[in-house]
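Below you'll find the structure, written out as structure tokens, and then a few comments.
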Amino acid sequence: MAADIHEKNKSDFYTLEDYEKVSKIDAHLHVNTEGKQLLHQAEKDNFKLLTINVDYSDFPSIEIQNEVASNLSKKYPKQLAYVATFHMDGWDEPGWTEKTIEFIDKRIDEGAVAIKVWKNIGMDFRDKSGKLVMIDDPRLDAVFNHIKKRNIPVIGHLGEPRNCWLPLEEMTVDYDREYFTHHSQYHMYLHPELPSYEDQMNARDNMLAKHKDMIFVGAHLASLEWSVKKISEFLIRFPGSYVDAAARIGQLQYQSLKDRELVRNFLIKFQDRVLYATDIMQMNNENAEVFANESHKLWLNDWRYFCTDDEFKVPDLKETIKGLQLPKSVIDKIYRRNAEKVFPKFKSM
Ligand SMILES: [Zn+2]
């Protein structure tokens, strides 16, 4: 009898061995080359991919990113979809709004499944008077209204992890320490004259309050990664919103190290609103074979964290963590069904 119960409980959870059998979506990564290795690895690992264009100077131009993404989606129609973005250049010139809407329309007509806005809005791009343009700027409303009319989501990476406003030694995870060491222009602790963390979060929330009916995905746990309580409040306040976990799973692990049930309960409670994602970035200068292999390791490691109750080491933390062992039904939503709902193209893939 006891054995029976044990068997029944066991079948509620996926194992490490199930990894390849379960169909999954990585809802936020950046494939900036047309090499086949990553796509082949993803196929082996049973992953469909959402590659996202970004207005980022470390990346190829928006036009090149778009061309690569669009070519990949034609070449691998069963495996990859893409998200387009737009330029802030020309903001001060008359007609920016009309031109931007036309640009966005073209991208959607060509097959982009969403539009990305990035932290350059709020943290980098300035108008001709030298003022930072924030995401709740009224001039962006027409653009968001149009995207809503086209019935596709906006993915917003706005602001940064809260660690960005802390000195390196106070940051919670190695990933952020590494990133801000190498991108000191974005390390806001060094730039106290720029908007605060709260300013960035408020601007995003003001924008969403104006566009309640917009489908919005807060990239990187909506920059509220440091507190599942804050993410919960955000998701309750904006019922049309989702969050992706790209590059912030370490932050969930950091919190679950202290209180595993807190993080586990958060993911169960908001099982319809969280999207699995990694933020893997493939660039031209990478060895494609090595990169595909690294991606596989990362995907498998995350699967182990979410699905099993194994105790093991993760790249972001020094301590050994214990997996969350979420029920299969929750895993299916976070790993596939939520992304299919937000980006319906995946359903037909
Ligand atoms: Zn990203």
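Identifiers in this document derive from the order of the structure tokens: chains are assigned A, B, ..., residues are numbered from 1 separately in each chain, and ligands are numbered from 1 in order of occurrence.
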From range 35-275 of chain A, collect each residue whose DSSP state is strand (DSSP E or B) and return the set as a VMD selection string. chain A and resid 47 to 52 80 to 85 115 to 117 126 132 154 to 156 216 to 218 241 to 244 274 to 275
Just to be explicit: take each residue in the selection above, keep N, CA and C atoms, and write the result as a CSV table (one decimal), in the first residue's frame.
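Saved to selection_39.csv:
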chain,number,residue,atom,x,y,z
A,47,PHE,N,13.5,21.7,-27.4
A,47,PHE,CA,13.2,23.1,-27.1
A,47,PHE,C,12.8,23.8,-28.4
A,48,LYS,N,11.7,24.6,-28.3
A,48,LYS,CA,11.5,25.6,-29.3
A,48,LYS,C,12.0,26.9,-28.7
A,49,LEU,N,12.4,27.8,-29.7
A,49,LEU,CA,13.1,29.0,-29.2
A,49,LEU,C,12.4,30.3,-29.6
A,50,LEU,N,12.5,31.3,-28.8
A,50,LEU,CA,12.0,32.7,-29.1
A,50,LEU,C,13.2,33.6,-29.1
A,51,THR,N,13.7,34.0,-30.2
A,51,THR,CA,14.8,34.9,-30.3
A,51,THR,C,14.4,36.3,-30.4
A,52,ILE,N,15.1,37.2,-29.7
A,52,ILE,CA,14.6,38.5,-29.5
A,52,ILE,C,15.6,39.6,-30.0
A,80,LEU,N,11.5,27.9,-34.3
A,80,LEU,CA,12.0,29.2,-33.8
A,80,LEU,C,11.0,30.3,-34.3
A,81,ALA,N,10.7,31.2,-33.3
A,81,ALA,CA,9.9,32.4,-33.6
A,81,ALA,C,10.8,33.6,-33.2
A,82,TYR,N,10.4,34.8,-33.6
A,82,TYR,CA,11.3,35.9,-33.3
A,82,TYR,C,10.4,37.1,-32.9
A,83,VAL,N,11.1,38.0,-32.2
A,83,VAL,CA,10.6,39.2,-31.6
A,83,VAL,C,11.4,40.4,-32.2
A,84,ALA,N,10.7,41.4,-32.8
A,84,ALA,CA,11.4,42.5,-33.4
A,84,ALA,C,11.4,43.7,-32.4
A,85,THR,N,12.2,44.7,-32.8
A,85,THR,CA,12.3,45.9,-32.0
A,85,THR,C,12.4,47.1,-32.9
A,115,ILE,N,6.9,42.7,-29.9
A,115,ILE,CA,7.9,43.8,-30.0
A,115,ILE,C,8.6,44.0,-28.7
A,116,LYS,N,9.9,44.1,-28.8
A,116,LYS,CA,10.7,44.3,-27.5
A,116,LYS,C,11.0,45.7,-27.3
A,117,VAL,N,10.9,46.2,-26.0
A,117,VAL,CA,11.5,47.5,-25.6
A,117,VAL,C,12.5,47.2,-24.6
A,126,ARG,N,18.7,59.6,-24.9
A,126,ARG,CA,18.4,60.9,-24.5
A,126,ARG,C,17.8,61.7,-25.6
A,132,LEU,N,16.9,61.9,-20.4
A,132,LEU,CA,16.6,60.5,-20.6
A,132,LEU,C,15.1,60.4,-21.0
A,154,VAL,N,4.0,43.1,-26.0
A,154,VAL,CA,5.3,43.8,-25.8
A,154,VAL,C,6.1,43.1,-24.8
A,155,ILE,N,7.4,42.9,-25.1
A,155,ILE,CA,8.3,42.3,-24.1
A,155,ILE,C,9.1,43.5,-23.6
A,156,GLY,N,9.2,43.7,-22.3
A,156,GLY,CA,9.9,44.9,-21.8
A,156,GLY,C,11.0,44.5,-20.8
A,216,PHE,N,1.7,42.2,-21.8
A,216,PHE,CA,3.1,42.6,-21.5
A,216,PHE,C,3.8,41.5,-20.8
A,217,VAL,N,5.0,41.2,-21.3
A,217,VAL,CA,5.9,40.3,-20.7
A,217,VAL,C,7.1,41.1,-20.0
A,218,GLY,N,7.1,41.1,-18.7
A,218,GLY,CA,8.2,41.7,-18.0
A,218,GLY,C,9.4,40.8,-18.1
A,241,SER,N,-0.3,41.0,-17.6
A,241,SER,CA,1.2,40.8,-17.7
A,241,SER,C,1.7,39.4,-17.3
A,242,TYR,N,2.9,39.2,-17.8
A,242,TYR,CA,3.6,37.9,-17.5
A,242,TYR,C,5.0,38.3,-17.1
A,243,VAL,N,5.8,37.4,-16.6
A,243,VAL,CA,7.2,37.6,-16.5
A,243,VAL,C,8.0,36.4,-17.1
A,244,ASP,N,9.1,36.8,-17.7
A,244,ASP,CA,10.0,35.7,-18.1
A,244,ASP,C,11.2,35.6,-17.1
A,274,VAL,N,4.3,32.8,-15.5
A,274,VAL,CA,5.7,32.8,-15.6
A,274,VAL,C,6.2,32.0,-16.8
A,275,LEU,N,7.1,32.5,-17.5
A,275,LEU,CA,7.7,31.9,-18.7
A,275,LEU,C,9.1,31.5,-18.5
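Near ligand 1, at distances of 9 Å or less and with only C-alpha atoms and all ligand atoms counted, sit the residues His28, Leu29, His30, Thr51, Ile52, Asn53, Val54, Trp118, His157, Ala219, His220, Ala246, Ala247, Thr278, Asp279, Ile280 and Met281 of chain A.
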Give me the residues within 9 Å of Ile135 in chain A as a PyMOL selection string, counting only C-alpha atoms and dropping any in the same chain fewer than 3 places off. chain A and resi 117+119+121-122+138+140+158+200+203-204+206-207
Convert the current residue selection to file output with N, CA and C atoms, as a short mmCIF file (atom, residue, chain, number, x, y, z; two decimals), in the first residue's frame.
data_model
loop_
_atom_site.label_atom_id
_atom_site.label_comp_id
_atom_site.auth_asym_id
_atom_site.auth_seq_id
_atom_site.Cartn_x
_atom_site.Cartn_y
_atom_site.Cartn_z
N VAL A 117 10.88 46.18 -26.03
CA VAL A 117 11.46 47.46 -25.63
C VAL A 117 12.54 47.16 -24.59
N LYS A 119 16.10 48.45 -22.06
CA LYS A 119 16.49 49.41 -21.02
C LYS A 119 17.16 50.67 -21.56
N ILE A 121 15.69 52.63 -23.21
CA ILE A 121 14.63 53.59 -22.85
C ILE A 121 14.61 53.64 -21.32
N GLY A 122 14.99 54.78 -20.79
CA GLY A 122 15.04 54.93 -19.33
C GLY A 122 16.46 55.01 -18.79
N PRO A 138 4.76 60.20 -22.80
CA PRO A 138 3.49 60.21 -23.56
C PRO A 138 3.67 59.98 -25.05
N LEU A 140 5.37 57.80 -26.43
CA LEU A 140 5.41 56.37 -26.75
C LEU A 140 4.01 55.75 -26.76
N LEU A 158 13.02 46.55 -18.72
CA LEU A 158 13.06 47.94 -18.28
C LEU A 158 13.73 48.02 -16.92
N GLN A 200 12.79 53.76 -12.22
CA GLN A 200 12.62 52.88 -13.39
C GLN A 200 11.36 52.02 -13.24
N ALA A 203 8.24 54.19 -13.68
CA ALA A 203 7.98 54.56 -15.08
C ALA A 203 7.31 53.38 -15.79
N ARG A 204 7.82 52.18 -15.56
CA ARG A 204 7.23 50.99 -16.19
C ARG A 204 5.78 50.80 -15.73
N ASN A 206 3.75 53.10 -14.52
CA ASN A 206 2.91 54.18 -15.09
C ASN A 206 2.50 53.84 -16.52
N MET A 207 3.46 53.34 -17.27
CA MET A 207 3.18 52.97 -18.67
C MET A 207 2.12 51.88 -18.69
#
Excluding Asn145 in chain A and any residue of its chain fewer than 4 positions from it, enumerate the residues within 8 Å of it, using only C-alpha atoms, and give them as a PyMOL selection string. chain A and resi 141+149+211
Keeping C-alpha atoms, export the residues of the selection given above as a PDB file, in the first residue's frame.
ATOM      1  CA  ASP A 141       1.680  55.917 -26.107  1.00  0.00           C
ATOM      2  CA  LYS A 149      -4.321  47.142 -32.079  1.00  0.00           C
ATOM      3  CA  HIS A 211      -2.091  50.416 -21.209  1.00  0.00           C
TER       4      HIS A 211
END
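You will find CA of Lys21 in chain A at 14.4 Å from CA of His296 in chain A.
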Give me, as a Markdown table, the closest atom pair and its distance (Å, one decimal) for every residue of range 70-168 of chain A within a cut-off of 8 Å of range 175-180 of chain A, counting only C-alpha atoms, rows sorted by chain and rising number.
| residue | atom | partner | partner_atom | distance |
| --- | --- | --- | --- | --- |
| A:Asn163 | CA | A:Asp176 | CA | 7.0 |
| A:Cys164 | CA | A:Phe180 | CA | 7.1 |
| A:Leu168 | CA | A:Arg177 | CA | 5.6 |
List the neighbours of Leu257 in chain A out to 9 Å using only C-alpha atoms; skip same-chain residues closer than 5 positions along the sequence, and give me the result as an NGL selection string. :A and (252 or 319-322)
If I take CA of Pro77 in chain A and CA of Glu43 in chain A, how far is one from the other in Å, to one decimal?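 Atom-to-atom, CA of Pro77 in chain A to CA of Glu43 in chain A, that is 12.1 Å.
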Hey, can you check how far CA of Ala292 in chain A sits from CA of Ala112 in chain A? 24.2 Å
